[in-house]
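Engineer: Here you go, this is structure.txt (compact mmCIF, C-alpha atoms and all ligand atoms).
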# COMPACT_ATOMS: atom_id res chain seq x y z
CA MET Z 1 -95.96 -19.39 -69.08
CA ASN Z 2 -93.89 -16.32 -69.96
CA PRO Z 3 -90.24 -16.33 -68.98
CA ILE Z 4 -89.48 -14.60 -65.69
CA LYS Z 5 -87.42 -11.47 -66.37
CA VAL Z 6 -84.20 -10.88 -64.53
CA GLY Z 7 -82.19 -7.67 -64.27
CA LEU Z 8 -78.46 -8.08 -63.68
CA LEU Z 9 -76.55 -5.39 -61.82
CA GLY Z 10 -72.93 -5.84 -62.89
CA ILE Z 11 -71.61 -8.24 -65.49
CA GLY Z 12 -68.07 -8.91 -64.30
CA THR Z 13 -66.65 -12.38 -63.72
CA VAL Z 14 -69.66 -13.74 -61.84
CA GLY Z 15 -72.25 -11.89 -63.95
CA GLY Z 16 -70.67 -13.27 -67.12
CA GLY Z 17 -70.72 -16.76 -65.62
CA THR Z 18 -74.39 -16.37 -64.67
CA PHE Z 19 -75.27 -15.31 -68.19
CA ARG Z 20 -73.46 -18.32 -69.67
CA VAL Z 21 -74.91 -20.88 -67.25
CA LEU Z 22 -78.46 -19.59 -67.72
CA GLN Z 23 -78.07 -19.77 -71.46
CA ARG Z 24 -76.30 -23.13 -71.65
CA ASN Z 25 -78.65 -24.90 -69.22
CA GLN Z 26 -81.83 -23.05 -70.14
CA GLU Z 27 -83.86 -26.17 -70.83
CA GLU Z 28 -82.87 -27.95 -67.62
CA ILE Z 29 -83.49 -24.77 -65.67
CA ALA Z 30 -86.96 -24.25 -67.17
CA ARG Z 31 -87.84 -27.89 -66.42
CA ARG Z 32 -86.92 -27.28 -62.80
CA ALA Z 33 -88.35 -23.81 -62.31
CA GLY Z 34 -91.56 -24.37 -64.25
CA ARG Z 35 -90.83 -21.47 -66.58
CA ALA Z 36 -87.87 -20.01 -68.44
CA ILE Z 37 -85.56 -17.57 -66.65
CA THR Z 38 -84.26 -14.80 -68.89
CA ILE Z 39 -81.85 -11.96 -68.31
CA ALA Z 40 -83.73 -9.06 -69.87
CA MET Z 41 -81.68 -6.11 -68.70
CA VAL Z 42 -78.09 -5.51 -67.59
CA ALA Z 43 -76.58 -2.54 -65.81
CA ASP Z 44 -72.85 -2.05 -66.28
CA ARG Z 45 -70.66 0.92 -66.99
CA ASP Z 46 -68.85 -1.04 -69.69
CA ILE Z 47 -71.56 -1.31 -72.35
CA ALA Z 48 -69.17 -2.88 -74.88
CA LYS Z 49 -68.43 -5.68 -72.41
CA VAL Z 50 -72.14 -6.34 -71.93
CA ARG Z 51 -72.60 -6.55 -75.70
CA ALA Z 52 -69.63 -8.91 -76.01
CA ILE Z 53 -71.17 -11.28 -73.46
CA ALA Z 54 -74.89 -10.92 -74.14
CA GLY Z 55 -75.01 -9.73 -77.75
CA ASP Z 56 -78.14 -7.69 -78.42
CA THR Z 57 -80.48 -10.01 -76.50
CA VAL Z 58 -80.69 -7.66 -73.49
CA ARG Z 59 -81.41 -4.04 -72.73
CA VAL Z 60 -78.33 -2.29 -71.39
CA THR Z 61 -77.90 0.73 -69.17
CA ALA Z 62 -75.04 2.29 -67.26
CA ASN Z 63 -77.47 3.32 -64.51
CA ALA Z 64 -78.31 0.41 -62.19
CA PHE Z 65 -81.30 2.29 -60.72
CA GLU Z 66 -83.01 2.02 -64.12
CA VAL Z 67 -83.00 -1.75 -63.69
CA VAL Z 68 -84.46 -1.77 -60.17
CA ASP Z 69 -87.12 0.72 -61.28
CA ASP Z 70 -88.03 -1.14 -64.47
CA PRO Z 71 -91.59 -2.56 -64.29
CA GLU Z 72 -90.72 -5.52 -66.52
CA ILE Z 73 -87.98 -6.83 -64.17
CA GLU Z 74 -89.20 -9.29 -61.53
CA ILE Z 75 -85.88 -10.44 -60.06
CA VAL Z 76 -82.85 -8.24 -59.50
CA VAL Z 77 -79.45 -9.94 -59.26
CA GLU Z 78 -77.02 -7.67 -57.42
CA LEU Z 79 -73.39 -8.32 -58.35
CA ILE Z 80 -71.99 -4.85 -57.89
CA GLY Z 81 -70.39 -5.52 -54.51
CA GLY Z 82 -69.56 -3.02 -51.80
CA THR Z 83 -71.95 -1.81 -49.18
CA SER Z 84 -73.14 1.68 -50.12
CA ILE Z 85 -74.60 1.79 -53.66
CA ALA Z 86 -75.41 -1.92 -53.42
CA ARG Z 87 -77.41 -1.28 -50.23
CA GLU Z 88 -79.37 1.52 -51.88
CA LEU Z 89 -80.06 -0.59 -54.95
CA VAL Z 90 -81.19 -3.62 -52.97
CA LEU Z 91 -83.45 -1.54 -50.72
CA LYS Z 92 -84.93 0.20 -53.76
CA ALA Z 93 -85.52 -3.12 -55.50
CA ILE Z 94 -87.31 -4.40 -52.38
CA GLU Z 95 -89.37 -1.22 -52.15
CA ASN Z 96 -90.36 -1.77 -55.78
CA GLY Z 97 -91.53 -5.30 -54.91
CA LYS Z 98 -88.72 -7.11 -56.77
CA GLN Z 99 -87.24 -10.39 -55.61
CA VAL Z 100 -83.51 -10.05 -55.02
CA VAL Z 101 -80.59 -12.43 -55.48
CA THR Z 102 -77.19 -11.31 -54.24
CA ALA Z 103 -73.68 -12.67 -53.83
CA ASN Z 104 -72.74 -9.73 -51.63
CA LYS Z 105 -71.54 -11.11 -48.28
CA ALA Z 106 -70.20 -7.75 -47.08
CA LEU Z 107 -73.60 -6.17 -47.68
CA LEU Z 108 -75.52 -8.89 -45.85
CA ALA Z 109 -73.07 -9.19 -42.95
CA THR Z 110 -73.19 -5.44 -42.31
CA HIS Z 111 -76.70 -4.42 -43.44
CA GLY Z 112 -78.51 -7.77 -43.55
CA ASN Z 113 -80.76 -7.01 -40.57
CA GLU Z 114 -82.09 -3.89 -42.25
CA ILE Z 115 -82.40 -5.57 -45.66
CA PHE Z 116 -84.21 -8.67 -44.40
CA ALA Z 117 -86.60 -6.58 -42.30
CA ALA Z 118 -87.45 -4.51 -45.38
CA ALA Z 119 -87.93 -7.66 -47.48
CA GLN Z 120 -90.12 -9.18 -44.79
CA ARG Z 121 -92.34 -6.11 -44.70
CA LYS Z 122 -92.67 -6.10 -48.47
CA GLY Z 123 -93.18 -9.86 -48.76
CA VAL Z 124 -90.23 -10.42 -51.10
CA THR Z 125 -87.26 -12.74 -50.92
CA VAL Z 126 -83.58 -11.82 -50.73
CA ALA Z 127 -81.68 -14.98 -51.69
CA PHE Z 128 -77.95 -15.29 -51.03
CA GLU Z 129 -76.61 -18.78 -51.68
CA ALA Z 130 -73.67 -17.32 -53.63
CA ALA Z 131 -72.61 -15.11 -50.73
CA VAL Z 132 -70.95 -17.95 -48.82
CA ALA Z 133 -68.53 -20.51 -50.24
CA GLY Z 134 -69.27 -19.82 -53.92
CA GLY Z 135 -70.77 -22.91 -55.50
CA VAL Z 136 -71.13 -24.94 -52.28
CA PRO Z 137 -74.84 -25.05 -51.37
CA ILE Z 138 -74.18 -24.46 -47.67
CA ILE Z 139 -76.97 -21.93 -47.16
CA LYS Z 140 -79.56 -24.38 -48.42
CA ALA Z 141 -78.07 -27.21 -46.35
CA LEU Z 142 -77.81 -25.25 -43.13
CA ARG Z 143 -81.12 -23.44 -43.46
CA GLU Z 144 -83.24 -26.32 -44.69
CA GLY Z 145 -81.43 -29.66 -44.76
CA LEU Z 146 -80.35 -29.42 -41.11
CA SER Z 147 -83.44 -27.73 -39.73
CA GLY Z 148 -84.19 -30.65 -37.39
CA ASN Z 149 -80.93 -30.06 -35.53
CA ARG Z 150 -79.72 -27.83 -32.78
CA ILE Z 151 -76.54 -26.57 -34.43
CA GLU Z 152 -73.63 -26.79 -31.98
CA TRP Z 153 -70.80 -25.38 -34.05
CA ILE Z 154 -69.70 -24.45 -37.54
CA ALA Z 155 -66.07 -24.41 -38.66
CA GLY Z 156 -65.17 -23.46 -42.19
CA ILE Z 157 -62.47 -22.73 -44.68
CA ILE Z 158 -64.44 -19.99 -46.35
CA ASN Z 159 -61.85 -17.85 -48.06
CA GLY Z 160 -60.36 -19.52 -51.11
CA THR Z 161 -57.63 -16.93 -51.58
CA SER Z 162 -56.19 -17.45 -48.08
CA ASN Z 163 -56.46 -21.19 -48.43
CA PHE Z 164 -54.71 -21.06 -51.79
CA ILE Z 165 -51.91 -18.96 -50.28
CA LEU Z 166 -51.46 -21.28 -47.28
CA SER Z 167 -51.49 -24.38 -49.52
CA GLU Z 168 -48.86 -22.96 -51.87
CA MET Z 169 -46.70 -21.77 -48.96
CA ARG Z 170 -46.82 -25.23 -47.40
CA GLU Z 171 -46.44 -27.32 -50.54
CA LYS Z 172 -44.00 -25.21 -52.54
CA GLY Z 173 -42.42 -23.07 -49.85
CA SER Z 174 -43.44 -20.00 -51.93
CA SER Z 175 -43.48 -16.56 -50.39
CA PHE Z 176 -46.71 -14.97 -49.23
CA GLU Z 177 -46.44 -12.07 -51.71
CA ALA Z 178 -45.76 -14.27 -54.75
CA VAL Z 179 -48.77 -16.48 -54.08
CA LEU Z 180 -51.05 -13.50 -53.45
CA THR Z 181 -50.17 -12.07 -56.86
CA GLN Z 182 -50.94 -15.45 -58.43
CA ALA Z 183 -54.33 -15.60 -56.64
CA GLN Z 184 -55.21 -12.15 -57.94
CA GLN Z 185 -54.23 -13.14 -61.48
CA LEU Z 186 -56.47 -16.20 -61.22
CA GLY Z 187 -59.42 -13.98 -60.20
CA TYR Z 188 -59.92 -15.53 -56.74
CA ALA Z 189 -59.11 -12.49 -54.65
CA GLU Z 190 -61.57 -9.74 -53.77
CA ALA Z 191 -61.21 -6.36 -55.50
CA ASP Z 192 -59.43 -5.32 -52.31
CA PRO Z 193 -57.30 -8.38 -51.41
CA THR Z 194 -56.82 -7.16 -47.85
CA PHE Z 195 -60.38 -8.42 -47.33
CA ASP Z 196 -59.09 -11.90 -48.11
CA ILE Z 197 -55.80 -11.91 -46.25
CA GLN Z 198 -56.98 -10.02 -43.19
CA GLY Z 199 -59.86 -12.45 -42.69
CA ILE Z 200 -62.56 -9.86 -43.36
CA ASP Z 201 -64.14 -11.76 -46.25
CA ALA Z 202 -64.22 -14.93 -44.12
CA ALA Z 203 -65.73 -12.94 -41.23
CA HIS Z 204 -68.51 -11.66 -43.50
CA LYS Z 205 -69.31 -15.23 -44.51
CA LEU Z 206 -69.05 -16.59 -40.97
CA THR Z 207 -71.43 -13.88 -39.74
CA ILE Z 208 -74.00 -15.12 -42.28
CA LEU Z 209 -73.47 -18.79 -41.41
CA ALA Z 210 -73.80 -18.12 -37.67
CA ALA Z 211 -76.98 -16.14 -38.22
CA ILE Z 212 -78.72 -18.96 -40.08
CA GLY Z 213 -77.16 -21.72 -37.97
CA PHE Z 214 -78.14 -20.30 -34.59
CA GLY Z 215 -81.01 -17.97 -35.46
CA ILE Z 216 -79.24 -14.77 -34.40
CA PRO Z 217 -79.08 -11.37 -36.09
CA MET Z 218 -76.11 -10.47 -38.29
CA GLN Z 219 -73.37 -9.23 -35.94
CA PHE Z 220 -70.30 -8.68 -38.09
CA ALA Z 221 -68.89 -6.00 -35.79
CA ALA Z 222 -68.68 -8.54 -32.96
CA CYS Z 223 -66.74 -11.10 -35.01
CA TYR Z 224 -63.09 -11.47 -33.95
CA THR Z 225 -61.00 -11.26 -37.11
CA GLU Z 226 -57.34 -12.11 -37.61
CA GLY Z 227 -55.82 -12.81 -41.03
CA ILE Z 228 -52.87 -14.75 -42.39
CA ALA Z 229 -50.40 -11.98 -43.17
CA GLU Z 230 -48.34 -12.62 -40.03
CA LEU Z 231 -47.98 -16.35 -40.59
CA THR Z 232 -44.48 -17.60 -41.38
CA SER Z 233 -43.51 -20.69 -43.36
CA GLN Z 234 -41.56 -21.69 -40.24
CA ASP Z 235 -44.78 -21.98 -38.22
CA ILE Z 236 -46.42 -23.88 -41.07
CA ARG Z 237 -43.47 -26.32 -40.97
CA TYR Z 238 -43.39 -26.67 -37.16
CA ALA Z 239 -47.13 -27.29 -37.12
CA GLU Z 240 -46.69 -29.97 -39.74
CA GLU Z 241 -43.96 -31.67 -37.69
CA LEU Z 242 -46.45 -31.85 -34.80
CA GLY Z 243 -49.13 -33.40 -37.05
CA TYR Z 244 -51.15 -30.27 -37.83
CA ARG Z 245 -52.01 -28.04 -40.80
CA ILE Z 246 -52.62 -24.33 -40.49
CA LYS Z 247 -55.82 -23.04 -42.09
CA LEU Z 248 -57.67 -19.75 -41.93
CA LEU Z 249 -60.75 -21.00 -40.13
CA GLY Z 250 -64.06 -19.35 -39.31
CA VAL Z 251 -65.47 -20.79 -36.08
CA ALA Z 252 -68.96 -20.17 -34.73
CA LYS Z 253 -69.82 -22.03 -31.56
CA ARG Z 254 -72.83 -22.19 -29.28
CA MET Z 255 -71.84 -21.79 -25.62
CA PRO Z 256 -74.13 -21.57 -22.58
CA GLN Z 257 -73.63 -17.79 -22.20
CA GLY Z 258 -73.60 -16.83 -25.87
CA PHE Z 259 -71.90 -17.53 -29.19
CA GLU Z 260 -68.25 -17.58 -30.21
CA LEU Z 261 -67.69 -15.89 -33.58
CA ARG Z 262 -64.09 -15.82 -34.71
CA VAL Z 263 -61.84 -15.99 -37.77
CA HIS Z 264 -58.14 -16.71 -37.33
CA PRO Z 265 -55.33 -18.97 -38.52
CA THR Z 266 -55.89 -22.32 -36.83
CA LEU Z 267 -53.96 -25.54 -36.35
CA ILE Z 268 -56.11 -28.53 -37.33
CA PRO Z 269 -54.99 -32.17 -36.97
CA ALA Z 270 -53.60 -33.16 -40.39
CA LYS Z 271 -55.68 -36.35 -40.36
CA ARG Z 272 -58.99 -34.44 -40.45
CA LEU Z 273 -60.67 -34.29 -43.85
CA ILE Z 274 -60.99 -30.51 -43.60
CA ALA Z 275 -57.24 -30.12 -42.99
CA ASN Z 276 -56.72 -31.58 -46.46
CA VAL Z 277 -58.84 -29.02 -48.28
CA GLU Z 278 -56.31 -27.32 -50.52
CA GLY Z 279 -56.08 -24.46 -52.96
CA VAL Z 280 -59.10 -22.30 -53.64
CA MET Z 281 -61.52 -24.96 -52.42
CA ASN Z 282 -63.81 -24.23 -49.48
CA ALA Z 283 -65.19 -26.61 -46.87
CA ILE Z 284 -67.59 -26.13 -44.00
CA LEU Z 285 -68.03 -28.56 -41.13
CA VAL Z 286 -71.31 -28.32 -39.30
CA LYS Z 287 -72.00 -30.12 -36.04
CA GLY Z 288 -75.68 -30.77 -35.38
CA ASP Z 289 -76.91 -32.57 -32.27
CA ALA Z 290 -78.86 -35.15 -34.27
CA VAL Z 291 -76.79 -35.69 -37.39
CA GLY Z 292 -73.31 -35.24 -35.86
CA GLN Z 293 -70.71 -33.73 -38.17
CA THR Z 294 -71.43 -33.09 -41.84
CA MET Z 295 -69.02 -31.48 -44.27
CA TYR Z 296 -69.73 -29.41 -47.39
CA TYR Z 297 -66.91 -29.07 -49.87
CA GLY Z 298 -66.41 -27.39 -53.22
CA PRO Z 299 -65.17 -24.39 -55.16
CA GLY Z 300 -65.54 -21.23 -53.12
CA ALA Z 301 -64.92 -18.78 -55.94
CA GLY Z 302 -64.81 -18.47 -59.71
CA ALA Z 303 -67.25 -17.48 -62.42
CA GLU Z 304 -69.33 -20.59 -63.02
CA PRO Z 305 -69.18 -22.10 -59.50
CA THR Z 306 -70.58 -18.83 -58.12
CA ALA Z 307 -73.04 -18.65 -61.02
CA SER Z 308 -74.19 -22.14 -60.05
CA ALA Z 309 -75.34 -20.75 -56.69
CA ILE Z 310 -76.92 -17.67 -58.23
CA VAL Z 311 -78.89 -19.70 -60.75
CA ALA Z 312 -80.05 -22.07 -57.98
CA ASP Z 313 -81.41 -19.02 -56.16
CA LEU Z 314 -83.08 -17.83 -59.36
CA VAL Z 315 -84.80 -21.20 -59.68
CA ASP Z 316 -85.89 -21.09 -56.03
CA VAL Z 317 -87.20 -17.56 -56.29
CA THR Z 318 -89.03 -18.35 -59.53
CA ARG Z 319 -90.76 -21.34 -57.93
CA MET Z 320 -91.71 -19.34 -54.83
CA HIS Z 321 -92.69 -16.18 -56.68
CA THR Z 322 -96.40 -16.65 -56.22
CA VAL Z 323 -96.29 -18.36 -52.83
CA ASP Z 324 -97.72 -16.54 -49.80
CA PRO Z 325 -94.63 -14.93 -48.17
CA ARG Z 326 -95.60 -16.46 -44.80
CA HIS Z 327 -95.02 -19.90 -46.30
CA ARG Z 328 -91.51 -19.21 -47.59
CA VAL Z 329 -88.36 -20.30 -45.78
CA PRO Z 330 -87.42 -17.40 -43.46
CA HIS Z 331 -84.33 -15.46 -44.57
CA LEU Z 332 -82.33 -16.46 -41.50
CA ALA Z 333 -83.89 -19.93 -41.22
CA PHE Z 334 -85.71 -19.01 -38.00
CA GLN Z 335 -88.88 -16.93 -37.79
CA PRO Z 336 -87.77 -13.28 -37.62
CA ASP Z 337 -89.57 -12.70 -34.29
CA ARG Z 338 -87.85 -15.75 -32.76
CA LEU Z 339 -84.19 -14.78 -33.11
CA SER Z 340 -81.95 -15.40 -30.08
CA ALA Z 341 -80.79 -12.37 -28.10
CA LEU Z 342 -77.81 -14.19 -26.53
CA PRO Z 343 -74.63 -12.16 -27.13
CA ILE Z 344 -71.51 -12.84 -29.15
CA LEU Z 345 -68.86 -13.59 -26.53
CA PRO Z 346 -65.79 -11.39 -26.23
CA MET Z 347 -62.58 -13.05 -27.45
CA GLU Z 348 -61.16 -13.25 -23.90
CA ALA Z 349 -64.01 -15.61 -22.97
CA VAL Z 350 -63.23 -18.03 -25.81
CA GLU Z 351 -61.87 -21.42 -24.81
CA THR Z 352 -59.57 -23.28 -27.18
CA SER Z 353 -56.09 -24.80 -27.38
CA TYR Z 354 -52.98 -22.94 -28.47
CA TYR Z 355 -49.71 -23.28 -30.35
CA LEU Z 356 -47.04 -21.07 -28.79
CA ARG Z 357 -43.60 -20.43 -30.29
CA MET Z 358 -40.94 -18.49 -28.48
CA ARG Z 359 -37.26 -17.80 -29.00
CA VAL Z 360 -35.20 -18.30 -25.85
CA ASP Z 361 -31.61 -18.53 -24.60
CA ASP Z 362 -30.38 -22.10 -24.66
CA ARG Z 363 -29.46 -22.58 -20.98
CA ALA Z 364 -30.53 -24.35 -17.78
CA GLY Z 365 -33.69 -23.19 -16.02
CA VAL Z 366 -35.29 -21.47 -19.01
CA LEU Z 367 -37.84 -24.15 -19.66
CA ALA Z 368 -38.67 -24.49 -15.97
CA ASP Z 369 -39.50 -20.77 -15.75
CA ILE Z 370 -41.74 -20.93 -18.82
CA THR Z 371 -43.63 -24.02 -17.72
CA GLY Z 372 -43.87 -22.50 -14.22
CA THR Z 373 -45.51 -19.39 -15.70
CA LEU Z 374 -48.03 -21.53 -17.54
CA ALA Z 375 -48.69 -23.65 -14.45
CA ASP Z 376 -49.36 -20.49 -12.37
CA LEU Z 377 -52.17 -19.67 -14.79
CA ALA Z 378 -53.47 -23.26 -14.76
CA ILE Z 379 -52.52 -23.76 -18.43
CA SER Z 380 -51.76 -27.39 -19.12
CA ILE Z 381 -49.19 -28.34 -21.79
CA ASP Z 382 -50.16 -31.02 -24.30
CA ALA Z 383 -46.89 -31.26 -26.29
CA MET Z 384 -43.55 -29.49 -26.44
CA VAL Z 385 -40.61 -29.44 -28.84
CA GLN Z 386 -37.30 -27.68 -28.49
CA LYS Z 387 -35.72 -27.11 -31.89
CA GLU Z 388 -32.00 -27.61 -32.43
CA PRO Z 389 -30.05 -24.33 -32.40
CA GLY Z 390 -28.68 -23.24 -35.78
CA GLU Z 391 -24.92 -23.30 -36.41
CA GLY Z 392 -23.26 -20.95 -33.88
CA GLU Z 393 -26.61 -19.80 -32.44
CA LYS Z 394 -27.14 -19.44 -28.71
CA GLN Z 395 -30.91 -19.24 -28.93
CA VAL Z 396 -33.49 -21.84 -29.76
CA ASP Z 397 -37.17 -22.02 -30.69
CA ILE Z 398 -39.50 -23.69 -28.25
CA VAL Z 399 -42.89 -24.77 -29.54
CA MET Z 400 -45.68 -25.76 -27.17
CA LEU Z 401 -49.24 -26.96 -27.63
CA THR Z 402 -51.62 -26.36 -24.75
CA HIS Z 403 -54.75 -28.13 -23.64
CA LEU Z 404 -58.03 -26.19 -23.67
CA THR Z 405 -57.73 -22.88 -21.91
CA ARG Z 406 -59.29 -19.42 -21.89
CA GLU Z 407 -57.95 -16.76 -24.25
CA LYS Z 408 -57.72 -14.46 -21.23
CA SER Z 409 -55.29 -16.86 -19.50
CA ILE Z 410 -53.16 -17.21 -22.63
CA ASN Z 411 -52.97 -13.43 -23.03
CA ALA Z 412 -51.73 -13.17 -19.44
CA ALA Z 413 -49.22 -16.01 -19.97
CA ILE Z 414 -47.86 -14.47 -23.17
CA ALA Z 415 -47.39 -11.09 -21.47
CA ARG Z 416 -45.46 -12.73 -18.62
CA ILE Z 417 -43.34 -14.92 -20.91
CA GLU Z 418 -42.41 -11.96 -23.13
CA ALA Z 419 -41.21 -10.12 -20.01
CA LEU Z 420 -38.78 -12.92 -19.04
CA PRO Z 421 -35.17 -11.80 -19.58
CA PHE Z 422 -34.14 -14.83 -21.63
CA VAL Z 423 -37.03 -14.57 -24.13
CA SER Z 424 -36.39 -12.57 -27.32
CA GLY Z 425 -39.13 -10.80 -29.21
CA LYS Z 426 -42.77 -11.73 -29.34
CA VAL Z 427 -44.39 -15.07 -28.59
CA THR Z 428 -46.22 -16.41 -31.65
CA ARG Z 429 -49.71 -17.63 -30.74
CA ILE Z 430 -51.90 -19.65 -33.10
CA ARG Z 431 -55.19 -21.14 -31.96
CA LEU Z 432 -55.81 -24.86 -32.33
CA GLU Z 433 -59.06 -26.73 -32.92
CA GLU Z 434 -59.24 -30.53 -32.72
CA LEU Z 435 -62.61 -30.66 -34.57
CA GLY Z 436 -63.17 -34.14 -33.22
CA GLN Z 437 -66.50 -35.88 -32.91
CA GLY Z 438 -67.09 -34.59 -29.35
N1 LIG S 1 -62.36 -13.71 -52.46
C1 LIG S 1 -63.26 -14.79 -52.13
C2 LIG S 1 -62.39 -15.97 -51.75
C3 LIG S 1 -64.11 -15.13 -53.31
O1 LIG S 1 -61.17 -15.92 -51.92
O2 LIG S 1 -62.92 -16.94 -51.24
C4 LIG S 1 -65.52 -15.44 -53.07
O3 LIG S 1 -66.13 -14.94 -51.97
Take the structure in the file and give it back as structure tokens.

Structural biologist:
Amino acid sequence: MNPIKVGLLGIGTVGGGTFRVLQRNQEEIARRAGRAITIAMVADRDIAKVRAIAGDTVRVTANAFEVVDDPEIEIVVELIGGTSIARELVLKAIENGKQVVTANKALLATHGNEIFAAAQRKGVTVAFEAAVAGGVPIIKALREGLSGNRIEWIAGIINGTSNFILSEMREKGSSFEAVLTQAQQLGYAEADPTFDIQGIDAAHKLTILAAIGFGIPMQFAACYTEGIAELTSQDIRYAEELGYRIKLLGVAKRMPQGFELRVHPTLIPAKRLIANVEGVMNAILVKGDAVGQTMYYGPGAGAEPTASAIVADLVDVTRMHTVDPRHRVPHLAFQPDRLSALPILPMEAVETSYYLRMRVDDRAGVLADITGTLADLAISIDAMVQKEPGEGEKQVDIVMLTHLTREKSINAAIARIEALPFVSGKVTRIRLEELGQG
């Protein structure tokens, strides 16, 4: 059988990795796919770079639309990123009857509903294993391996850059800025690193995971997103003293009235496996009603790890190329006419535990007023530490952990505590997830 011809849109870090992996493992890949998979055409503005990577084995153009319009190309791999030109290219490829493979989480989280509907109509596949957690095959696991389960919750470290920064801050006491620069130099960070540190990249990925875990449409706009830029090494240290690690966690949870969808720094018990995921590695915990908890761990970024996911999609798409579209795995795991209409819950309805840190005058009655405020709102305290005042200081830090409570109650408590005359500045609030077996 003739090789299947692939057109690559963009040959940056991941595109270069894809080219290398396809070439190096071509025999293994052909044995798996049933035919060879060949990159026949590449679109990139930097023609010299394409030639340096691919030699003269491919046709090259600076105009990506030439690839999606080329009759010889059967699969288009979109690695351009962004959500405007990439959307046009993917929709055009679908219209032209091409299969599509993409690593573009922003595109799918924001335009996935439109893209999958178009693919469904045309009977083509849009595969996206590389869009979440780089080389970790979480899409395959969640969409197919766990399809006997009712998924209860998903909790993941799905942004390698943030995790790298938090690990370095905790282990080496390095500053946030210094570690961010290092992450950019290592090629982990997005083109716009605010996507990493503000939690946006993780929210894109969580939106995709929730969609395939629960069978709901992509709802990125409803995802609560808070990044790591406000975290201090002091909070990282205090959390550690209480037996917790702070991670940027994406949490998607099924509740009776709807779904929680949130990304924020989170205290996790240090003894949990996922709390020990360090550096650029990613990990996703999935709780299914039948299987219990399973965890998927591996490199969430980098050229060849991401290429590993792209090539797996290429193999899948090649195998399924001639299969009746009705017999393929649905894009979002559930049949498109059977998606749930339950809403994403507003953040105030979320129930979790909290770490609170406040700076207060060191005198009698202070603690009683604070605990009284919490008691008025039915917030129960799980643990409390008063730090020693520094030399000559008249104020101290109080750190509290609460039991499960509503975000709405904590917001009210924080507002009241900040208004107390002996409290200076803002109360620091970090959410806490036990991630136990329950
Ligand atoms: N910037 C992403 C991360 C890379 O840090 O995880 C892959 O999505």

Engineer: Could you tell me how far atom CA of Phe259 of chain Z lies from atom CA of Ile344 of chain Z, in Å and to one decimal?

Structural biologist: 4.7 Å

Engineer: May I ask you to write as a list in words all residues lying at most 8 Å from ligand LIG 1 (chain S), with only C-alpha atoms and all ligand atoms counted?

Structural biologist: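 What falls inside 8 Å of ligand LIG 1 (chain S) is Lys105, Ala131, Val132, Ala133, Gly134, Ile158, Asn159, Gly160, Thr161, Ser162, Asn163, Tyr188, Ala189, Glu190, Pro193, Phe195, Asp196, Asp201, Ala202, Val280, Asn282, Gly300, Ala301, Gly302 and Thr306 of chain Z.
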
Engineer: Give me the residues near Val350 of chain Z as a list in words, where near means some atom within 10 Å (using only C-alpha atoms) and where sequence neighbours in that chain fewer than 2 positions away do not count.

Structural biologist: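 Selected residues are Lys253, Met255, Phe259, Glu260, Leu261, Arg262, Leu345, Pro346, Met347, Glu348, Thr352, Ser353, Leu404, Thr405, Arg406, Glu407 and Lys408 of chain Z.
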
Engineer: List as a list of chain:residue names the protein and nucleic acid residues near Gly112 of chain Z, meaning an atom at most 9 Å away when all atoms listed in the file are counted, but skip any in the same chain fewer than 6 places from it.

Structural biologist: Z:Ile208, Z:Pro217, Z:Met218

Engineer: Give me the residues near Ile398 of chain Z as a list in words, where near means some atom within 10 Å (using all atoms listed in the file) and where sequence neighbours in that chain fewer than 2 positions away do not count.

Structural biologist: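 Counting only the stated atoms, we get Leu356, Arg357, Met358, Arg359, Val360, Asp362, Leu367, Met384, Val385, Gln386, Lys387, Glu388, Gln395, Val396, Met400 and Val427 of chain Z.
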
Engineer: Show me as a PyMOL selection string the residues that reach within 12 Å of (-62.0, -30.2, -43.8), counting only C-alpha atoms and using the file's own coordinates.

Structural biologist: chain Z and resi 154-158+163+245-250+267-278+281-286+293-298+433-436

Engineer: Give me, as an MDAnalysis selection string, all polymer residues having an atom no more than 9 Å from Ala413 of chain Z, counting only C-alpha atoms and skipping those fewer than 6 positions away in the same chain.

Structural biologist: chainID Z and resid 373:374 376:377 379

Engineer: Could you check the closest approach to Ala364 of chain Z for each of Z:Phe422, Z:His264, Z:His403, Z:Val50 and tell me which residue wins, using all atoms listed in the file?

Structural biologist: Z:Phe422

Engineer: Go through Z:His331, Z:Arg326, Z:His204, Z:Arg429 one by one, measure the shortest atom-to-atom distance of each to Thr266 of chain Z using all atoms listed in the file, and give the residue with the smallest value.

Structural biologist: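 Ranked by minimum distance to Thr266 of chain Z, first place goes to Z:Arg429.
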
Engineer: Work out how far atom CA of Arg20 of chain Z is from atom CA of Ala52 of chain Z, in Å to one decimal.

Structural biologist: 12.0 Å

Engineer: What does the structure give for the distance between atom CA of Val399 of chain Z and atom CA of Leu166 of chain Z, in Å to one decimal?

Structural biologist: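 Taking atom CA of Val399 of chain Z as the start and atom CA of Leu166 of chain Z as the end point, the length is 20.0 Å.
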
Engineer: Can you pull out the residues contacting segment 57-68 of chain Z? Cut-off 10 Å, using all atoms listed in the file, and skip same-chain residues under 6 positions away; I want them as a ChimeraX atom specification.

Structural biologist: /Z:6-10,38-48,50-51,74-78,80,85-86,88-98,100

Engineer: The residues within 10 Å of (-81.2, -23.9, -52.9), using only C-alpha atoms and the coordinates of the file, should be reported as a PyMOL selection string; which are they?

Structural biologist: chain Z and resi 127-129+137-141+143-145+309-317
